[in-house]
>>> print(open('target_6.cif').read())   # mmCIF, C-alpha atoms
data_structure
#
loop_
_atom_site.label_atom_id
_atom_site.label_comp_id
_atom_site.auth_asym_id
_atom_site.auth_seq_id
_atom_site.Cartn_x
_atom_site.Cartn_y
_atom_site.Cartn_z
CA MET U 1 -0.27 -10.69 29.07
CA ILE U 2 2.65 -9.24 27.10
CA SER U 3 3.38 -11.07 23.84
CA LEU U 4 7.07 -11.83 23.31
CA LYS U 5 8.70 -10.95 20.02
CA THR U 6 9.57 -13.97 17.90
CA ILE U 7 13.14 -14.54 16.71
CA PHE U 8 14.34 -17.22 14.28
CA ILE U 9 17.95 -18.28 14.86
CA VAL U 10 19.30 -19.95 11.71
CA ASP U 11 22.74 -21.59 11.83
CA ASP U 12 24.14 -24.99 10.82
CA ASN U 13 26.38 -24.98 13.92
CA ASP U 14 24.64 -26.52 16.96
CA THR U 15 26.85 -24.64 19.42
CA ASN U 16 25.95 -21.27 17.92
CA LEU U 17 22.27 -22.21 17.88
CA MET U 18 22.23 -23.20 21.55
CA THR U 19 24.30 -20.19 22.65
CA ALA U 20 21.90 -17.80 20.97
CA LYS U 21 18.77 -19.65 22.07
CA THR U 22 19.89 -19.87 25.70
CA ALA U 23 20.75 -16.17 25.74
CA LEU U 24 17.46 -15.04 24.23
CA ASP U 25 14.94 -17.48 25.71
CA GLY U 26 12.66 -15.79 28.22
CA THR U 27 13.12 -12.35 26.72
CA TYR U 28 12.07 -13.50 23.26
CA LYS U 29 10.22 -16.46 21.79
CA THR U 30 12.93 -18.25 19.85
CA TYR U 31 13.13 -20.97 17.21
CA ALA U 32 16.50 -22.64 16.58
CA LEU U 33 16.72 -23.79 12.97
CA PRO U 34 19.71 -25.68 11.49
CA SER U 35 19.18 -24.63 7.87
CA ALA U 36 17.72 -21.90 5.65
CA GLU U 37 15.36 -24.45 4.11
CA LYS U 38 13.78 -25.20 7.50
CA MET U 39 13.52 -21.49 8.21
CA LEU U 40 11.62 -20.84 4.98
CA LYS U 41 9.36 -23.80 5.70
CA LEU U 42 8.53 -22.44 9.14
CA THR U 43 7.68 -19.00 7.75
CA GLU U 44 4.69 -20.65 6.09
CA LYS U 45 3.20 -20.96 9.58
CA ILE U 46 4.96 -18.31 11.66
CA THR U 47 6.11 -14.80 10.75
CA PRO U 48 9.04 -13.79 12.99
CA ASP U 49 9.82 -10.28 14.20
CA LEU U 50 13.55 -10.79 13.58
CA ILE U 51 15.80 -13.37 11.90
CA LEU U 52 19.38 -14.10 12.94
CA LEU U 53 20.74 -15.66 9.76
CA ASP U 54 24.09 -17.39 9.29
CA VAL U 55 25.86 -16.44 6.07
CA GLU U 56 27.88 -19.62 5.47
CA MET U 57 25.57 -22.65 5.33
CA PRO U 58 25.47 -25.68 3.00
CA VAL U 59 22.80 -26.11 0.30
CA MET U 60 21.39 -22.59 0.76
CA ASN U 61 23.55 -19.83 2.24
CA GLY U 62 22.31 -16.75 4.04
CA PHE U 63 22.40 -14.46 1.02
CA GLU U 64 20.35 -16.92 -1.02
CA ALA U 65 17.85 -17.25 1.83
CA MET U 66 17.67 -13.44 2.06
CA SER U 67 16.75 -13.31 -1.63
CA PHE U 68 13.83 -15.67 -0.99
CA LEU U 69 12.64 -13.51 1.90
CA LYS U 70 12.80 -10.30 -0.13
CA TYR U 71 10.89 -11.91 -3.01
CA ASP U 72 7.96 -12.80 -0.73
CA VAL U 73 5.53 -9.92 -0.12
CA ARG U 74 4.66 -11.28 3.31
CA LEU U 75 8.26 -11.70 4.46
CA LYS U 76 10.21 -8.95 2.72
CA ASP U 77 10.08 -6.46 5.61
CA ILE U 78 11.26 -8.85 8.35
CA PRO U 79 14.50 -7.45 9.84
CA VAL U 80 17.51 -9.71 9.26
CA ILE U 81 20.80 -9.70 11.15
CA PHE U 82 23.51 -11.78 9.50
CA LEU U 83 25.78 -14.00 11.57
CA THR U 84 29.26 -14.50 10.10
CA ALA U 85 32.61 -15.96 11.06
CA LYS U 86 34.37 -13.96 8.34
CA ASN U 87 35.66 -10.43 8.55
CA ASP U 88 34.79 -9.70 4.93
CA PRO U 89 33.87 -6.07 3.99
CA VAL U 90 32.71 -7.14 0.51
CA SER U 91 30.21 -9.60 1.99
CA GLU U 92 29.02 -7.00 4.49
CA ILE U 93 28.42 -4.47 1.73
CA LYS U 94 26.49 -7.10 -0.22
CA GLY U 95 24.39 -7.93 2.85
CA PHE U 96 23.53 -4.32 3.56
CA GLU U 97 22.63 -3.76 -0.09
CA MET U 98 20.23 -6.70 0.20
CA GLY U 99 18.58 -5.02 3.17
CA ALA U 100 20.30 -6.56 6.19
CA LEU U 101 19.90 -4.71 9.48
CA ASP U 102 23.34 -5.58 10.82
CA PHE U 103 26.17 -8.14 10.97
CA ILE U 104 27.27 -9.95 14.15
CA ASN U 105 30.63 -11.73 14.13
CA LYS U 106 30.95 -15.32 15.37
CA PRO U 107 31.75 -16.66 17.82
CA PHE U 108 29.58 -14.20 19.72
CA SER U 109 29.05 -13.80 23.44
CA ALA U 110 25.54 -13.88 24.87
CA PRO U 111 25.70 -10.34 26.37
CA VAL U 112 26.88 -8.84 23.06
CA LEU U 113 24.13 -10.64 21.14
CA ILE U 114 21.46 -9.45 23.57
CA ARG U 115 22.73 -5.87 23.53
CA ARG U 116 22.85 -5.69 19.71
CA ILE U 117 19.30 -7.01 19.41
CA GLU U 118 18.04 -4.63 22.15
CA THR U 119 19.69 -1.70 20.39
CA HIS U 120 17.98 -2.47 17.10
CA THR U 121 14.66 -3.16 18.84
CA GLU U 122 14.73 0.20 20.62
CA LEU U 123 15.79 1.98 17.43
CA ASP U 124 12.93 0.29 15.56
CA LYS U 125 10.48 1.48 18.24
CA LEU U 126 11.75 5.06 17.95
CA ILE U 127 11.52 4.99 14.15
CA LYS U 128 7.99 3.57 14.21
CA ARG U 129 6.90 6.11 16.83
CA SER U 130 8.32 8.95 14.76
CA GLN U 131 6.72 7.60 11.58
CA SER U 132 3.39 7.27 13.39
CA VAL U 133 3.46 10.92 14.47
CA VAL U 134 4.39 12.10 10.98
CA ARG U 135 1.64 10.01 9.41
CA LYS U 136 -0.99 11.29 11.83
CA VAL U 137 -0.04 14.89 11.05
CA ASN U 138 0.10 14.04 7.33
CA ASN U 139 -3.32 12.40 7.34
CA ALA U 140 -4.89 15.18 9.41
CA THR U 141 -3.56 17.81 7.00
CA ILE U 142 -4.75 15.88 3.94
CA LYS U 143 -8.17 15.39 5.57
CA VAL U 144 -8.52 19.15 6.04
CA ILE U 145 -7.52 19.79 2.41
CA SER U 146 -9.87 17.14 1.05
CA ASP U 147 -12.73 18.47 3.21
CA MET U 148 -12.07 21.96 1.86
CA VAL U 149 -12.22 20.64 -1.71
CA GLU U 150 -15.43 18.74 -1.05
CA SER U 151 -17.06 21.70 0.72
CA ARG U 152 -16.85 23.63 -2.54
CA ASP U 153 -18.56 20.86 -4.48
CA LYS U 154 -22.12 20.83 -3.10
CA THR U 155 -23.18 18.01 -5.41
CA THR U 156 -20.94 15.20 -4.14
CA GLY U 157 -21.30 15.13 -0.36
CA GLY U 158 -19.24 12.36 1.25
CA HIS U 159 -17.70 11.26 -2.05
CA ILE U 160 -14.09 11.36 -0.85
CA GLU U 161 -14.76 9.32 2.27
CA ARG U 162 -16.79 6.72 0.40
CA THR U 163 -14.37 6.29 -2.49
CA GLN U 164 -11.56 5.82 0.01
CA LYS U 165 -13.54 3.01 1.63
CA TYR U 166 -14.35 1.38 -1.73
CA LEU U 167 -10.68 1.65 -2.66
CA GLU U 168 -9.65 -0.05 0.57
CA ILE U 169 -12.08 -2.91 -0.12
CA LEU U 170 -10.64 -3.41 -3.61
CA ILE U 171 -7.02 -3.29 -2.43
CA ASP U 172 -7.71 -5.76 0.40
CA GLU U 173 -9.10 -8.20 -2.16
CA LEU U 174 -6.11 -7.58 -4.46
CA VAL U 175 -3.80 -8.57 -1.60
CA ARG U 176 -5.86 -11.67 -0.81
CA SER U 177 -5.98 -12.77 -4.44
CA GLU U 178 -2.29 -11.87 -5.03
CA LEU U 179 -3.32 -10.10 -8.24
CA TYR U 180 -0.76 -7.50 -9.37
CA SER U 181 1.28 -8.61 -6.35
CA ASP U 182 4.54 -7.22 -7.79
CA GLU U 183 3.08 -3.71 -7.59
CA VAL U 184 0.74 -4.00 -4.63
CA GLY U 185 3.39 -5.78 -2.58
CA ASP U 186 5.56 -2.67 -2.71
CA TRP U 187 2.79 -0.33 -1.59
CA ASP U 188 2.76 1.14 1.88
CA MET U 189 -0.92 0.71 2.77
CA ASP U 190 -0.66 3.26 5.59
CA LEU U 191 0.11 5.81 2.89
CA VAL U 192 -1.59 4.66 -0.30
CA ILE U 193 -5.16 4.53 1.03
CA PRO U 194 -5.16 7.96 2.80
CA SER U 195 -3.48 9.51 -0.25
CA ALA U 196 -6.59 8.69 -2.30
CA GLN U 197 -8.35 11.55 -0.49
CA LEU U 198 -6.54 13.89 -2.87
CA HIS U 199 -7.86 12.33 -6.08
CA ASP U 200 -10.19 15.28 -6.69
CA VAL U 201 -7.91 18.02 -5.33
CA GLY U 202 -7.84 19.59 -8.82
CA LYS U 203 -11.45 20.73 -8.32
CA ILE U 204 -9.93 23.67 -6.45
CA ALA U 205 -9.22 25.12 -9.90
CA ILE U 206 -12.81 24.66 -11.17
CA SER U 207 -15.22 27.57 -10.89
CA ASP U 208 -18.07 27.29 -8.38
CA ALA U 209 -20.63 28.04 -11.08
CA ILE U 210 -19.65 24.95 -13.05
CA LEU U 211 -18.84 22.77 -10.07
CA ASN U 212 -22.27 23.32 -8.54
CA LYS U 213 -24.38 23.68 -11.65
CA PRO U 214 -27.66 21.82 -10.96
CA GLY U 215 -28.36 20.92 -14.59
CA LYS U 216 -26.51 19.27 -17.43
CA LEU U 217 -23.13 20.75 -18.34
CA THR U 218 -22.48 22.23 -21.77
CA ASN U 219 -19.66 20.72 -23.80
CA GLU U 220 -17.44 23.66 -22.91
CA GLU U 221 -18.26 23.34 -19.21
CA PHE U 222 -17.61 19.62 -19.29
CA GLU U 223 -14.19 20.19 -20.88
CA HIS U 224 -13.43 22.65 -18.11
CA ILE U 225 -14.44 20.26 -15.33
CA LYS U 226 -12.41 17.47 -16.95
CA SER U 227 -9.32 19.58 -16.35
CA HIS U 228 -9.50 18.77 -12.62
CA SER U 229 -7.36 15.70 -13.34
CA THR U 230 -4.44 17.65 -14.77
CA GLU U 231 -4.96 20.50 -12.30
CA GLY U 232 -4.71 17.97 -9.46
CA GLU U 233 -1.52 16.57 -10.95
CA VAL U 234 -0.03 20.07 -11.20
CA ILE U 235 -0.96 20.95 -7.61
CA ILE U 236 0.60 17.78 -6.21
CA ASP U 237 3.68 18.18 -8.42
CA LYS U 238 4.24 21.62 -6.90
CA ILE U 239 4.17 20.14 -3.41
CA ILE U 240 6.50 17.29 -4.44
CA SER U 241 8.99 19.82 -5.81
CA ASP U 242 9.27 21.29 -2.30
CA VAL U 243 9.53 18.01 -0.37
CA GLU U 244 11.32 15.93 -3.02
CA ASP U 245 10.15 12.40 -3.85
CA ASP U 246 7.52 11.89 -1.14
CA VAL U 247 5.91 8.44 -1.46
CA PHE U 248 2.56 9.61 -0.08
CA LEU U 249 2.34 12.38 -2.66
CA CYS U 250 3.44 10.08 -5.49
CA TYR U 251 0.47 7.84 -4.73
CA ALA U 252 -1.81 10.87 -4.52
CA LYS U 253 -0.54 12.19 -7.86
CA ARG U 254 -1.36 8.95 -9.65
CA PHE U 255 -4.85 8.84 -8.14
CA ALA U 256 -5.50 12.46 -9.14
CA ALA U 257 -4.07 12.30 -12.65
CA TYR U 258 -5.32 8.94 -13.90
CA HIS U 259 -8.67 8.06 -12.29
CA HIS U 260 -10.58 9.14 -15.42
CA GLU U 261 -8.47 7.13 -17.87
CA LYS U 262 -10.21 4.16 -19.51
CA TRP U 263 -8.90 0.71 -20.31
CA ASP U 264 -9.63 1.12 -24.05
CA GLY U 265 -7.82 4.47 -24.28
CA THR U 266 -10.92 6.69 -24.59
CA GLY U 267 -10.55 8.32 -21.18
CA TYR U 268 -8.91 11.58 -20.14
CA PRO U 269 -6.70 13.52 -19.69
CA TYR U 270 -4.03 11.55 -21.59
CA GLY U 271 -5.94 8.82 -23.39
CA LEU U 272 -3.74 6.13 -21.86
CA LYS U 273 -4.60 2.52 -22.61
CA GLU U 274 -4.55 -0.71 -20.61
CA TYR U 275 -1.39 -1.19 -18.52
CA ALA U 276 -0.06 2.24 -19.49
CA ILE U 277 -2.58 3.52 -16.93
CA PRO U 278 -0.99 3.30 -13.46
CA LEU U 279 -2.67 0.73 -11.22
CA GLU U 280 -3.77 3.41 -8.77
CA GLY U 281 -5.77 5.10 -11.53
CA ARG U 282 -7.34 1.84 -12.70
CA ILE U 283 -8.49 0.95 -9.20
CA MET U 284 -9.81 4.42 -8.42
CA ALA U 285 -11.77 4.42 -11.69
CA ILE U 286 -14.00 1.64 -10.33
CA ALA U 287 -14.41 3.20 -6.87
CA ASP U 288 -15.11 6.64 -8.36
CA VAL U 289 -17.66 5.47 -10.92
CA TYR U 290 -19.48 3.20 -8.49
CA ASP U 291 -19.92 6.04 -6.01
CA ALA U 292 -21.11 8.42 -8.73
CA LEU U 293 -23.68 5.88 -9.86
CA VAL U 294 -25.20 5.04 -6.47
CA SER U 295 -25.11 8.62 -5.14
CA VAL U 296 -27.75 11.33 -5.32
CA ARG U 297 -27.01 14.17 -7.72
CA PRO U 298 -29.12 17.27 -8.43
CA TYR U 299 -29.57 16.05 -12.00
CA LYS U 300 -30.26 12.38 -11.26
CA LYS U 301 -31.59 9.89 -8.76
CA PRO U 302 -29.19 7.28 -7.38
CA PHE U 303 -28.84 4.02 -9.27
CA THR U 304 -29.43 0.83 -7.31
CA HIS U 305 -26.47 -1.33 -6.39
CA GLU U 306 -27.62 -3.89 -8.98
CA GLN U 307 -27.69 -1.24 -11.72
CA ALA U 308 -24.25 0.05 -10.75
CA PHE U 309 -22.92 -3.52 -10.61
CA ASN U 310 -24.19 -4.19 -14.14
CA ILE U 311 -22.76 -0.97 -15.53
CA ILE U 312 -19.30 -1.69 -14.11
CA THR U 313 -19.25 -5.34 -15.18
CA GLU U 314 -20.43 -4.37 -18.68
CA GLY U 315 -17.54 -1.87 -18.77
CA SER U 316 -14.98 -4.64 -18.35
CA GLY U 317 -12.40 -4.36 -21.13
CA THR U 318 -13.65 -0.95 -22.28
CA HIS U 319 -13.87 1.43 -19.33
CA PHE U 320 -12.26 -0.81 -16.71
CA ASP U 321 -9.37 -3.22 -16.29
CA PRO U 322 -10.99 -6.70 -16.69
CA ASN U 323 -8.86 -8.13 -13.88
CA LEU U 324 -10.04 -5.42 -11.50
CA VAL U 325 -13.66 -5.93 -12.54
CA ALA U 326 -13.26 -9.56 -11.44
CA VAL U 327 -11.97 -8.27 -8.10
CA PHE U 328 -14.94 -5.90 -7.87
CA LYS U 329 -17.34 -8.79 -8.46
CA ALA U 330 -15.75 -10.70 -5.58
CA VAL U 331 -16.36 -7.84 -3.14
CA ALA U 332 -19.54 -6.34 -4.60
CA ASP U 333 -21.48 -7.21 -1.44
CA GLU U 334 -19.04 -5.10 0.60
CA PHE U 335 -19.55 -2.20 -1.80
CA GLU U 336 -23.30 -2.49 -1.37
CA ALA U 337 -23.03 -2.61 2.43
CA THR U 338 -20.77 0.45 2.43
CA SER U 339 -23.11 2.42 0.15
CA LYS U 340 -26.08 1.62 2.40
CA CYS U 341 -24.20 2.78 5.49
CA ALA U 342 -23.13 6.05 3.85
CA VAL U 343 -24.60 9.29 5.11
CA TYR U 344 -25.38 11.58 2.20
CA ASP U 345 -25.29 15.29 2.69
CA LEU U 346 -27.75 16.05 -0.07
#
>>> encode(input="target_6.cif", output="structure tokens")
Amino acid sequence: MISLKTIFIVDDNDTNLMTAKTALDGTYKTYALPSAEKMLKLTEKITPDLILLDVEMPVMNGFEAMSFLKYDVRLKDIPVIFLTAKNDPVSEIKGFEMGALDFINKPFSAPVLIRRIETHTELDKLIKRSQSVVRKVNNATIKVISDMVESRDKTTGGHIERTQKYLEILIDELVRSELYSDEVGDWDMDLVIPSAQLHDVGKIAISDAILNKPGKLTNEEFEHIKSHSTEGEVIIDKIISDVEDDVFLCYAKRFAAYHHEKWDGTGYPYGLKEYAIPLEGRIMAIADVYDALVSVRPYKKPFTHEQAFNIITEGSGTHFDPNLVAVFKAVADEFEATSKCAVYDL
């Protein structure tokens, strides 16, 4: 059974509501709502695929309602087409700046309304299909690069795949808890999580002798291996300079550059402190350290989940963001389950 797309029709004029609803019923699942307040109330239960929103309404007009939608992480990406009886270029510019998909003048005919919606629906399908292809190619390319990096480091088999999974668990809980929602709400999860595969890309610049040394590193060797954070930042910056401000690479750059920074400012490479450390780096710090603790290394046996849990919780406020440690505690069981399912190459 094909699921119909849901459209909210919001207008204080009963005639306009019924005209639109009659035209769209059968092709779409429609809700006729006489005010912006009722629309916002209904979004608590139903998330529409499209909103037809009247501009001129009492109490709360369309622009004010649009502001509420854009402020809500869950609703901000819903396409909105404004309905207006005014031929006002200033209002149209304002609407487009707010993120409106289009304007339809009232009174409208049913065929015109249907055609405009179909046009935008088909365009949306084409855009999503194109984005899907680009993302698949992007992710496949990044996977090859990350696998090449990891193949050089014989001591950390499966690290990239596992840290990506731990990261996803943490971010899912961040979304559920609405912690750091102003930042996380703007993230494109289809990009941010795969981009974490590049957090250790700077290891390309580290010599094999140091990268795969079975024993303890000397101070000089440790300083050299620490440079993988800045080397990763430089590598990604070079790519960004060729493709301009790519969102995927911006996420990757922050993961690569800042995942060894510490909450108290004693980390590297920049000694950043607390909220000066980008959120991507603060989250990856927990995923990265947990995996290092519970994994086999030539110079150590794996810690138990309980030991790793204690080390991370004791690092709250020193090594790690205390808020993120609380998130880690909430999903620690998922971390343990993931670590037990991991296949180690060593």
>>> residues_around(input="target_6.cif", residues="Tyr166 of chain U", least_positions_apart="4", cutoff="7 Å", atoms="all atoms listed in the file", output="count of residues only")
4
>>> closest_residue(input="target_6.cif", among="U:Lys5, U:His259, U:Lys238, U:Lys273", to="Thr318 of chain U", atoms="all atoms listed in the file")
U:Lys273
>>> atom_distance(input="target_6.cif", atom1="atom CA of Ile171 of chain U", atom2="atom CA of His260 of chain U")
18.3 Å
>>> closest_residue(input="target_6.cif", among="U:Thr22, U:Ser177, U:Thr6, U:Thr230", to="Leu113 of chain U", atoms="all atoms listed in the file")
U:Thr22
>>> atom_distance(input="target_6.cif", atom1="atom CA of Val294 of chain U", atom2="atom CA of Ile160 of chain U")
14.0 Å
>>> atom_distance(input="target_6.cif", atom1="atom CA of Leu52 of chain U", atom2="atom CA of Ile81 of chain U")
5.0 Å
